[in-house]
Structures are given as structure tokens and as C-alpha cells.
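*Asks:* Input file: target27.cif. Contents: mmCIF, C-alpha atoms.
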```
data_run
#
loop_
_atom_site.label_atom_id
_atom_site.label_comp_id
_atom_site.auth_asym_id
_atom_site.auth_seq_id
_atom_site.Cartn_x
_atom_site.Cartn_y
_atom_site.Cartn_z
CA MET A 1 7.96 -4.96 -26.52
CA PRO A 2 8.02 -5.66 -22.76
CA GLU A 3 6.88 -9.15 -21.72
CA ILE A 4 5.76 -9.96 -18.18
CA THR A 5 5.76 -13.65 -17.27
CA LEU A 6 3.47 -14.28 -14.30
CA VAL A 7 3.92 -17.48 -12.30
CA ARG A 8 1.55 -18.48 -9.54
CA HIS A 9 3.17 -19.83 -6.36
CA GLY A 10 3.39 -23.56 -5.73
CA GLN A 11 0.74 -25.47 -3.81
CA ALA A 12 0.28 -24.03 -0.33
CA LYS A 13 -0.41 -25.87 2.91
CA GLN A 14 -3.55 -27.96 2.63
CA ASN A 15 -6.55 -27.67 4.97
CA ALA A 16 -5.46 -24.20 6.07
CA THR A 17 -7.99 -22.13 8.01
CA SER A 18 -6.31 -18.72 8.08
CA GLU A 19 -4.15 -16.38 6.02
CA ALA A 20 -1.04 -17.20 8.08
CA ASP A 21 -1.68 -20.95 7.96
CA TYR A 22 -2.03 -20.90 4.16
CA ASP A 23 1.16 -18.87 3.64
CA ASN A 24 3.51 -21.86 3.49
CA LEU A 25 4.33 -24.14 0.60
CA SER A 26 3.46 -27.82 0.86
CA GLU A 27 6.11 -30.37 -0.08
CA LEU A 28 4.42 -30.76 -3.46
CA GLY A 29 4.39 -26.98 -3.82
CA ARG A 30 8.15 -26.87 -3.30
CA THR A 31 8.60 -29.56 -5.94
CA GLN A 32 6.34 -27.70 -8.39
CA ALA A 33 8.42 -24.55 -7.92
CA LYS A 34 11.66 -26.45 -8.62
CA TRP A 35 10.16 -28.05 -11.72
CA VAL A 36 8.97 -24.81 -13.28
CA GLY A 37 12.37 -23.27 -12.58
CA GLU A 38 14.15 -26.24 -14.16
CA HIS A 39 11.94 -25.86 -17.23
CA PHE A 40 12.78 -22.16 -17.55
CA ASN A 41 16.50 -22.87 -17.10
CA LYS A 42 16.45 -25.57 -19.79
CA LEU A 43 15.21 -22.86 -22.14
CA ASN A 44 18.07 -20.60 -20.98
CA LEU A 45 15.61 -17.92 -19.94
CA SER A 46 16.93 -14.90 -18.11
CA TYR A 47 15.14 -11.78 -16.97
CA ASP A 48 15.91 -8.10 -16.74
CA ALA A 49 13.98 -8.06 -13.48
CA ILE A 50 12.31 -10.51 -11.11
CA VAL A 51 9.45 -9.31 -8.91
CA THR A 52 7.43 -11.06 -6.20
CA GLY A 53 4.93 -10.09 -3.57
CA THR A 54 6.03 -10.17 0.06
CA LEU A 55 4.21 -13.37 1.08
CA ASN A 56 6.23 -16.42 2.16
CA ARG A 57 4.75 -18.71 -0.49
CA GLN A 58 5.58 -16.24 -3.27
CA ILE A 59 9.14 -15.60 -2.09
CA ASP A 60 9.84 -19.30 -1.47
CA THR A 61 8.54 -20.20 -4.94
CA GLN A 62 10.84 -17.63 -6.54
CA ILE A 63 13.86 -18.83 -4.56
CA LEU A 64 13.19 -22.48 -5.40
CA MET A 65 12.81 -21.62 -9.10
CA ASP A 66 16.45 -20.47 -9.02
CA ILE A 67 16.17 -18.17 -12.05
CA GLU A 68 18.88 -15.67 -12.95
CA SER A 69 18.04 -11.98 -12.76
CA LYS A 70 20.16 -9.12 -14.08
CA THR A 71 19.13 -6.95 -11.12
CA PRO A 72 18.26 -7.61 -7.44
CA VAL A 73 14.88 -9.24 -6.87
CA ILE A 74 12.11 -6.76 -6.05
CA ARG A 75 9.56 -7.55 -3.30
CA ASP A 76 6.39 -5.54 -3.93
CA GLU A 77 3.34 -5.93 -1.67
CA ARG A 78 1.04 -4.76 -4.47
CA PHE A 79 1.35 -8.32 -5.78
CA ASN A 80 0.28 -9.97 -2.52
CA GLU A 81 -2.81 -12.16 -2.71
CA ILE A 82 -6.21 -10.85 -1.71
CA ARG A 83 -7.09 -11.94 1.84
CA LEU A 84 -9.70 -14.56 1.00
CA TYR A 85 -9.74 -16.16 4.44
CA ASP A 86 -10.37 -12.80 6.10
CA LEU A 87 -13.10 -12.02 3.58
CA ALA A 88 -14.66 -15.44 4.23
CA ASP A 89 -14.73 -14.70 7.97
CA LEU A 90 -16.54 -11.42 7.27
CA ILE A 91 -19.02 -13.16 4.96
CA LYS A 92 -19.83 -15.66 7.72
CA MET A 93 -20.14 -12.94 10.36
CA GLN A 94 -22.23 -10.53 8.27
CA PHE A 95 -24.25 -12.88 6.05
CA GLY A 96 -24.21 -16.17 7.98
CA ILE A 97 -22.64 -18.13 5.11
CA ASP A 98 -20.08 -20.77 6.09
CA PHE A 99 -16.75 -21.34 4.38
CA PRO A 100 -17.30 -23.73 1.44
CA ASP A 101 -16.57 -27.44 1.75
CA SER A 102 -16.73 -28.50 -1.93
CA GLU A 103 -15.60 -27.19 -5.33
CA LEU A 104 -19.16 -26.26 -6.34
CA SER A 105 -19.89 -24.46 -3.09
CA PHE A 106 -16.52 -22.69 -3.30
CA LYS A 107 -17.43 -21.30 -6.73
CA LYS A 108 -20.77 -20.00 -5.43
CA HIS A 109 -19.11 -18.62 -2.30
CA LEU A 110 -16.41 -16.84 -4.30
CA ASN A 111 -18.90 -15.26 -6.70
CA PHE A 112 -21.03 -14.11 -3.76
CA THR A 113 -17.98 -12.70 -1.99
CA PHE A 114 -16.76 -10.80 -5.04
CA GLU A 115 -20.24 -9.39 -5.69
CA LYS A 116 -20.66 -8.13 -2.13
CA TRP A 117 -17.09 -6.87 -2.00
CA GLU A 118 -17.30 -4.97 -5.29
CA ASN A 119 -20.63 -3.41 -4.24
CA GLY A 120 -19.18 -2.23 -0.93
CA GLU A 121 -21.54 -4.41 1.12
CA ILE A 122 -18.81 -6.07 3.22
CA LEU A 123 -18.12 -3.96 6.28
CA ASN A 124 -14.48 -3.24 7.17
CA PRO A 125 -12.84 -5.43 4.51
CA PRO A 126 -9.04 -5.86 4.56
CA GLU A 127 -9.01 -3.62 1.48
CA THR A 128 -11.61 -2.21 -0.89
CA PHE A 129 -12.31 -3.96 -4.17
CA GLU A 130 -11.28 -0.77 -5.94
CA ASN A 131 -7.90 -0.88 -4.21
CA TYR A 132 -7.48 -4.49 -5.29
CA LYS A 133 -8.10 -3.49 -8.91
CA SER A 134 -5.91 -0.41 -8.84
CA ARG A 135 -2.90 -1.96 -7.10
CA VAL A 136 -2.68 -4.74 -9.67
CA SER A 137 -3.15 -2.37 -12.60
CA GLU A 138 -0.64 0.17 -11.27
CA GLY A 139 1.82 -2.54 -10.30
CA LEU A 140 1.84 -4.06 -13.78
CA ASP A 141 2.12 -0.63 -15.36
CA ASN A 142 5.16 0.12 -13.19
CA ILE A 143 7.08 -3.11 -13.65
CA LYS A 144 6.70 -3.13 -17.44
CA ASP A 145 9.33 -0.37 -17.45
CA LEU A 146 11.93 -2.57 -15.74
CA GLY A 147 13.09 -4.16 -19.00
CA GLU A 148 12.10 -6.29 -21.95
CA LYS A 149 11.59 -9.49 -19.93
CA ILE A 150 10.16 -9.41 -16.42
CA LEU A 151 9.30 -12.40 -14.20
CA LEU A 152 6.53 -11.86 -11.64
CA VAL A 153 5.96 -14.59 -9.04
CA THR A 154 2.61 -13.91 -7.41
CA SER A 155 -0.80 -15.45 -6.60
CA GLY A 156 -3.99 -16.54 -8.31
CA GLY A 157 -6.04 -13.50 -7.37
CA ILE A 158 -3.42 -11.16 -8.80
CA ILE A 159 -3.10 -13.11 -12.03
CA ALA A 160 -6.90 -13.28 -12.34
CA MET A 161 -7.17 -9.50 -11.92
CA ALA A 162 -4.41 -9.00 -14.50
CA ILE A 163 -6.45 -11.11 -16.95
CA LYS A 164 -9.65 -9.22 -16.08
CA HIS A 165 -7.87 -5.92 -16.65
CA THR A 166 -6.38 -7.05 -19.96
CA LEU A 167 -9.57 -8.58 -21.40
CA ASN A 168 -12.05 -6.22 -19.69
CA LEU A 169 -13.89 -9.13 -18.07
CA ASN A 170 -16.76 -8.88 -15.62
CA THR A 171 -16.43 -9.84 -11.98
CA GLU A 172 -17.97 -13.31 -12.37
CA ALA A 173 -15.33 -14.08 -15.01
CA LEU A 174 -12.69 -12.79 -12.59
CA GLY A 175 -13.80 -15.43 -10.09
CA ASN A 176 -13.70 -18.12 -12.77
CA CYS A 177 -10.13 -17.15 -13.67
CA LEU A 178 -9.12 -17.41 -10.03
CA LEU A 179 -10.77 -20.82 -9.63
CA ALA A 180 -8.98 -22.17 -12.71
CA SER A 181 -5.54 -20.88 -11.69
CA TYR A 182 -3.01 -23.73 -11.48
CA ASN A 183 -0.23 -23.70 -8.93
CA THR A 184 2.91 -22.63 -10.86
CA GLY A 185 0.72 -21.89 -13.88
CA VAL A 186 2.49 -19.59 -16.36
CA THR A 187 0.74 -16.57 -17.89
CA LYS A 188 2.39 -14.06 -20.23
CA LEU A 189 1.45 -10.46 -20.94
CA LEU A 190 2.90 -8.35 -23.74
CA TYR A 191 2.79 -4.57 -23.62
CA TYR A 192 1.85 -3.48 -27.12
CA ASP A 193 0.48 -0.20 -28.46
CA GLU A 194 0.01 1.25 -24.95
CA SER A 195 -1.92 -1.71 -23.54
CA PHE A 196 -1.39 -5.27 -22.37
CA VAL A 197 -2.32 -8.32 -24.44
CA ILE A 198 -2.24 -11.96 -23.33
CA SER A 199 0.10 -14.27 -25.21
CA GLN A 200 -0.19 -17.28 -22.86
CA MET A 201 -2.49 -18.16 -19.99
CA ASN A 202 -2.21 -20.64 -17.10
CA ALA A 203 0.17 -22.98 -18.94
CA LEU A 204 1.95 -25.90 -17.25
CA PRO A 205 4.78 -26.86 -19.63
CA HIS A 206 6.70 -28.39 -16.71
CA LEU A 207 3.80 -30.72 -15.83
CA GLU A 208 2.84 -31.96 -19.31
CA THR A 209 4.41 -35.42 -19.12
CA PRO A 210 2.18 -38.33 -17.98
CA ASP A 211 4.28 -38.97 -14.86
CA ARG A 212 3.67 -35.39 -13.66
CA TRP A 213 0.02 -34.99 -14.63
CA LYS A 214 -1.19 -35.94 -11.15
CA ASN A 215 0.87 -33.08 -9.71
CA ARG A 216 -1.41 -30.39 -11.15
CA THR A 217 -3.16 -28.56 -8.33
CA TYR A 218 -5.29 -25.46 -7.77
CA THR A 219 -5.02 -24.68 -4.04
#
```
What does this structure look like when you write it as C-alpha cells?

*Replies:*
Amino acid sequence: MPEITLVRHGQAKQNATSEADYDNLSELGRTQAKWVGEHFNKLNLSYDAIVTGTLNRQIDTQILMDIESKTPVIRDERFNEIRLYDLADLIKMQFGIDFPDSELSFKKHLNFTFEKWENGEILNPPETFENYKSRVSEGLDNIKDLGEKILLVTSGGIIAMAIKHTLNLNTEALGNCLLASYNTGVTKLLYYDESFVISQMNALPHLETPDRWKNRTYT
């Protein structure tokens, strides 16, 4: 039964204003990546294949985790994050709505963005919503054949779509999954009876001790 372990990248640069600016780990993000890797190595985990997207923050997280793979690491752009900053710029330009400045406004902004995006109301998006759905679904379907244990280091929007696909959630729930995604959160999918099931979601076993609790982050 193939198992895909999805790990979100560590905390990215704070107060970023663009895709490029956000695509760098913060110092805490680098530490988070080392900690989750240390936890996996204490359990003597090894993987038939390790896959990441092609973004700096994903690749750096995987390297800092320092996990053994039986085959060369695969970089697959299907697991790159959705371009939320670019979408936010389009939302401001086309609908006059500013980038959010609080957690509550971010939730409303994200739900609005996903609704307009899914309905095809955002002109010239970086990709269609349908492409976002299909690349995640097809990517997971492909990498499940790489072995019994696969590690995928990716981003919150990809993990959220994987959960949506697995549980058949609506788009508002997709946004909620993305908002709740911890940096270096660990989600596990099992491929069983020709479909994926979730065996673990957004866990932080490496940040459970009281001295590390404050190091839980979302952005």
C-alpha cells in the first residue's frame, strides 16, 4: 500500500510582498526544517523516493531535512505553490480589493479569491483553477508508483488541494485547509483500493514539546 508523506516547507520570509520575495526560508523556517528531519531520522525513516517542487523554499526544506532516499531526488513543478501574490495583485486590479492585513481579512480575501478564480472571473490568471486541481491530482497519481514510501516536500496550497481531492471537499473548505497549514506540518496519504485516504493531517510531532510550541507558524 503506497504511502505519500507530505511536508510543507518551513516558514518563509516574513512581510514578503511578491512571489520572489516569499520564496526564501526565514531563519526559523530553516530550523523547523532541520527539526522535522531530525524527528524522521530518529524514527529511522527512509524513502523509496523523495519529491519536491522547484521552488527555493521547498528545495531548501528538503535539503535541510537531510533524509535518505533510495533514488535521486525528483524536482517536479506540479508541486509548486499556487501564485497567491500574483492572484492578489489581479484581485486588487480587477475588483479593487487590497491585500489583507489581518488573519480575519486574509480568510475573507482567500475565499473571495478562490471563488472568483474557480468561476473563471479573474482575467489572465497565472494558471486556471482547473489546472491547479489537475496538476495536483495527476502529480499524486504519478508519484504513488515510485515505491511504497514516498516523501513529498511541497507547499500549503498543494497539500490543501490533496486533502480536497481525497475528501471531496468544497472550495471554501479548501481555503480553510490552506489557512490551517502549519509550516513543516506532516500529512500522510495512503493509496488503498484505487483511491487515496488520509491517515494523518497537518501533524507537528517535532514541535510538540513545550519549549518548541512557540515555533509553530503558518506563513

*Asks:* Name the residues, using the chain letters and numbers of the file, that sit within 12 Å of (-18.1, -17.9, -6.7) when counting all atoms listed in the file, and give them as a ChimeraX atom specification.

*Replies:* /A:84,88,99-100,102-116,171-180

*Asks:* Mind dumping the selected residues with C-alpha atoms as a compact mmCIF listing (two decimals), keeping the file's coordinate frame?

*Replies:*
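What ended up in again.txt:
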```txt
# COMPACT_ATOMS: atom_id res chain seq x y z
CA LEU A 84 -9.70 -14.56 1.00
CA ALA A 88 -14.66 -15.44 4.23
CA PHE A 99 -16.75 -21.34 4.38
CA PRO A 100 -17.30 -23.73 1.44
CA SER A 102 -16.73 -28.50 -1.93
CA GLU A 103 -15.60 -27.19 -5.33
CA LEU A 104 -19.16 -26.26 -6.34
CA SER A 105 -19.89 -24.46 -3.09
CA PHE A 106 -16.52 -22.69 -3.30
CA LYS A 107 -17.43 -21.30 -6.73
CA LYS A 108 -20.77 -20.00 -5.43
CA HIS A 109 -19.11 -18.62 -2.30
CA LEU A 110 -16.41 -16.84 -4.30
CA ASN A 111 -18.90 -15.26 -6.70
CA PHE A 112 -21.03 -14.11 -3.76
CA THR A 113 -17.98 -12.70 -1.99
CA PHE A 114 -16.76 -10.80 -5.04
CA GLU A 115 -20.24 -9.39 -5.69
CA LYS A 116 -20.66 -8.13 -2.13
CA THR A 171 -16.43 -9.84 -11.98
CA GLU A 172 -17.97 -13.31 -12.37
CA ALA A 173 -15.33 -14.08 -15.01
CA LEU A 174 -12.69 -12.79 -12.59
CA GLY A 175 -13.80 -15.43 -10.09
CA ASN A 176 -13.70 -18.12 -12.77
CA CYS A 177 -10.13 -17.15 -13.67
CA LEU A 178 -9.12 -17.41 -10.03
CA LEU A 179 -10.77 -20.82 -9.63
CA ALA A 180 -8.98 -22.17 -12.71
```

*Asks:* Please write as a VMD selection string the full residue list that the PyMOL selection byres ((chain A and resi 132) around 12) yields on this file.

*Replies:* chain A and resid 77 to 83 114 117 to 118 125 to 131 133 to 139 157 to 162 164 to 165

*Asks:* So, counting only C-alpha atoms, which residue among A:Ile59, A:Met65, A:Leu28, A:Ile50 is closest to Ser155 (chain A)?

*Replies:*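 Counting only C-alpha atoms, the residue closest to Ser155 (chain A) is A:Ile59.
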
*Asks:* Could you tell me which of A:Arg30, A:Met1, A:Ile63, A:Leu123 comes closest to Lys92 (chain A) if we count only C-alpha atoms?

*Replies:* A:Leu123

*Asks:* Could you expand the PyMOL selection byres ((chain A and resi 18-24) around 8) into the explicit residues it covers here, written as a list in words?

*Replies:*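 Given this file, the PyMOL selection byres ((chain A and resi 18-24) around 8) evaluates to Ala12, Lys13, Gln14, Ala16, Thr17, Leu25, Ser26, Leu55, Asn56, Arg57, Arg83, Leu84, Tyr85 and Asp86 of chain A.
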
*Asks:* If you measure from CA of Thr187 (chain A) to CA of Ile67 (chain A), what distance in Å do you get, rounded to one decimal?

*Replies:*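 Computing it gives 16.6 Å between the two atoms.
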
*Asks:* Could you give me, as a list of chain:residue names, the residues within 10 Å of Thr71 (chain A), counting all atoms listed in the file and dropping anything in the same chain fewer than 4 positions from it?

*Replies:*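 Close residues of Thr71 (chain A): A:Tyr47, A:Asp48, A:Ala49, A:Ile50, A:Leu146.
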
*Asks:* Can you write out the residues you just picked, keeping C-alpha atoms, as a PDB file, keeping the file's coordinate frame?

*Replies:*
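Final output, selection_32.pdb:
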```
ATOM      1  CA  TYR A  47      15.140 -11.780 -16.970  1.00  0.00           C
ATOM      2  CA  ASP A  48      15.910  -8.100 -16.740  1.00  0.00           C
ATOM      3  CA  ALA A  49      13.980  -8.060 -13.480  1.00  0.00           C
ATOM      4  CA  ILE A  50      12.310 -10.510 -11.110  1.00  0.00           C
ATOM      5  CA  LEU A 146      11.930  -2.570 -15.740  1.00  0.00           C
TER       6      LEU A 146
END
```

*Asks:* Write out as a tab-separated table (two decimals) with C-alpha atoms, in the coordinates of the input the residues lying within 12 Å of Lys214 (chain A), counting all atoms listed in the file and excluding same-chain residues fewer than 6 positions away.

*Replies:*
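Contents of result-v1.tsv, as written:
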```tsv
chain	number	residue	atom	x	y	z
A	28	LEU	CA	4.42	-30.76	-3.46
A	32	GLN	CA	6.34	-27.70	-8.39
A	207	LEU	CA	3.80	-30.72	-15.83
A	208	GLU	CA	2.84	-31.96	-19.31
```

*Asks:* Edge lengths and centre in Å to one decimal, as lines of an AutoDock Vina configuration file, of the axis-aligned box that encloses all listed atoms of region 172-186 of chain A with 8 Å added on every side?

*Replies:*
```
center_x = -7.5
center_y = -18.3
center_z = -12.6
size_x = 36.9
size_y = 26.9
size_z = 23.4
```

*Asks:* For a test of reading the model, state the distance in Å between CA of Tyr191 (chain A) and CA of Pro2 (chain A), rounded to one decimal.

*Replies:*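 According to the coordinates, CA of Tyr191 (chain A) and CA of Pro2 (chain A) are separated by 5.4 Å.
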
*Asks:* So how far away is CA of Thr61 (chain A) from CA of Val7 (chain A), in Å?

*Replies:*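 About the pair CA of Val7 (chain A) and CA of Thr61 (chain A): they are 9.1 Å apart.
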
*Asks:* Missing atoms in region 10-38 of chain A need filling: write out N, CA and C atoms for it as an mmCIF file, in the frame of the given file.

*Replies:*
```cif
data_model
loop_
_atom_site.group_PDB
_atom_site.id
_atom_site.type_symbol
_atom_site.label_atom_id
_atom_site.label_comp_id
_atom_site.auth_asym_id
_atom_site.auth_seq_id
_atom_site.Cartn_x
_atom_site.Cartn_y
_atom_site.Cartn_z
ATOM 1 N N GLY A 10 3.674 -22.143 -5.851
ATOM 2 C CA GLY A 10 3.390 -23.560 -5.730
ATOM 3 C C GLY A 10 2.270 -23.837 -4.738
ATOM 4 N N GLN A 11 1.829 -25.091 -4.715
ATOM 5 C CA GLN A 11 0.740 -25.470 -3.810
ATOM 6 C C GLN A 11 1.073 -25.073 -2.373
ATOM 7 N N ALA A 12 0.103 -24.449 -1.725
ATOM 8 C CA ALA A 12 0.280 -24.030 -0.330
ATOM 9 C C ALA A 12 -0.204 -25.136 0.613
ATOM 10 N N LYS A 13 -0.002 -24.904 1.890
ATOM 11 C CA LYS A 13 -0.410 -25.870 2.910
ATOM 12 C C LYS A 13 -1.880 -26.222 2.768
ATOM 13 N N GLN A 14 -2.188 -27.496 2.799
ATOM 14 C CA GLN A 14 -3.550 -27.960 2.630
ATOM 15 C C GLN A 14 -4.327 -27.906 3.948
ATOM 16 N N ASN A 15 -5.645 -27.749 3.826
ATOM 17 C CA ASN A 15 -6.550 -27.670 4.970
ATOM 18 C C ASN A 15 -6.255 -26.483 5.881
ATOM 19 N N ALA A 16 -5.719 -25.416 5.291
ATOM 20 C CA ALA A 16 -5.460 -24.200 6.070
ATOM 21 C C ALA A 16 -6.783 -23.544 6.441
ATOM 22 N N THR A 17 -6.775 -22.804 7.539
ATOM 23 C CA THR A 17 -7.990 -22.130 8.010
ATOM 24 C C THR A 17 -7.782 -20.637 8.221
ATOM 25 N N SER A 18 -6.592 -20.142 7.882
ATOM 26 C CA SER A 18 -6.310 -18.720 8.080
ATOM 27 C C SER A 18 -5.277 -18.261 7.060
ATOM 28 N N GLU A 19 -5.136 -16.941 6.939
ATOM 29 C CA GLU A 19 -4.150 -16.380 6.020
ATOM 30 C C GLU A 19 -2.740 -16.873 6.379
ATOM 31 N N ALA A 20 -2.385 -16.812 7.652
ATOM 32 C CA ALA A 20 -1.040 -17.200 8.080
ATOM 33 C C ALA A 20 -0.792 -18.687 7.850
ATOM 34 N N ASP A 21 -1.806 -19.505 8.109
ATOM 35 C CA ASP A 21 -1.680 -20.950 7.960
ATOM 36 C C ASP A 21 -1.457 -21.323 6.496
ATOM 37 N N TYR A 22 -2.117 -20.605 5.591
ATOM 38 C CA TYR A 22 -2.030 -20.900 4.160
ATOM 39 C C TYR A 22 -0.700 -20.433 3.560
ATOM 40 N N ASP A 23 -0.011 -19.513 4.230
ATOM 41 C CA ASP A 23 1.160 -18.870 3.640
ATOM 42 C C ASP A 23 2.438 -19.688 3.801
ATOM 43 N N ASN A 24 2.355 -20.961 3.470
ATOM 44 C CA ASN A 24 3.510 -21.860 3.490
ATOM 45 C C ASN A 24 3.345 -22.875 2.374
ATOM 46 N N LEU A 25 4.410 -23.146 1.652
ATOM 47 C CA LEU A 25 4.330 -24.140 0.600
ATOM 48 C C LEU A 25 4.251 -25.549 1.176
ATOM 49 N N SER A 26 3.447 -26.399 0.534
ATOM 50 C CA SER A 26 3.460 -27.820 0.860
ATOM 51 C C SER A 26 4.705 -28.446 0.226
ATOM 52 N N GLU A 27 4.966 -29.699 0.546
ATOM 53 C CA GLU A 27 6.110 -30.370 -0.080
ATOM 54 C C GLU A 27 5.920 -30.454 -1.592
ATOM 55 N N LEU A 28 4.690 -30.739 -2.028
ATOM 56 C CA LEU A 28 4.420 -30.760 -3.460
ATOM 57 C C LEU A 28 4.628 -29.371 -4.061
ATOM 58 N N GLY A 29 4.208 -28.339 -3.341
ATOM 59 C CA GLY A 29 4.390 -26.980 -3.820
ATOM 60 C C GLY A 29 5.855 -26.632 -4.032
ATOM 61 N N ARG A 30 6.707 -27.105 -3.151
ATOM 62 C CA ARG A 30 8.150 -26.870 -3.300
ATOM 63 C C ARG A 30 8.683 -27.601 -4.532
ATOM 64 N N THR A 31 8.186 -28.799 -4.757
ATOM 65 C CA THR A 31 8.600 -29.560 -5.940
ATOM 66 C C THR A 31 8.120 -28.875 -7.210
ATOM 67 N N GLN A 32 6.868 -28.415 -7.222
ATOM 68 C CA GLN A 32 6.340 -27.700 -8.390
ATOM 69 C C GLN A 32 7.205 -26.488 -8.730
ATOM 70 N N ALA A 33 7.599 -25.742 -7.703
ATOM 71 C CA ALA A 33 8.420 -24.550 -7.920
ATOM 72 C C ALA A 33 9.774 -24.929 -8.539
ATOM 73 N N LYS A 34 10.381 -26.005 -8.051
ATOM 74 C CA LYS A 34 11.660 -26.450 -8.620
ATOM 75 C C LYS A 34 11.478 -26.880 -10.068
ATOM 76 N N TRP A 35 10.390 -27.567 -10.359
ATOM 77 C CA TRP A 35 10.160 -28.050 -11.720
ATOM 78 C C TRP A 35 9.970 -26.913 -12.715
ATOM 79 N N VAL A 36 9.175 -25.914 -12.340
ATOM 80 C CA VAL A 36 8.970 -24.810 -13.280
ATOM 81 C C VAL A 36 10.274 -24.047 -13.489
ATOM 82 N N GLY A 37 11.073 -23.909 -12.432
ATOM 83 C CA GLY A 37 12.370 -23.270 -12.580
ATOM 84 C C GLY A 37 13.310 -24.064 -13.474
ATOM 85 N N GLU A 38 13.321 -25.387 -13.307
ATOM 86 C CA GLU A 38 14.150 -26.240 -14.160
ATOM 87 C C GLU A 38 13.738 -26.102 -15.619
#
```
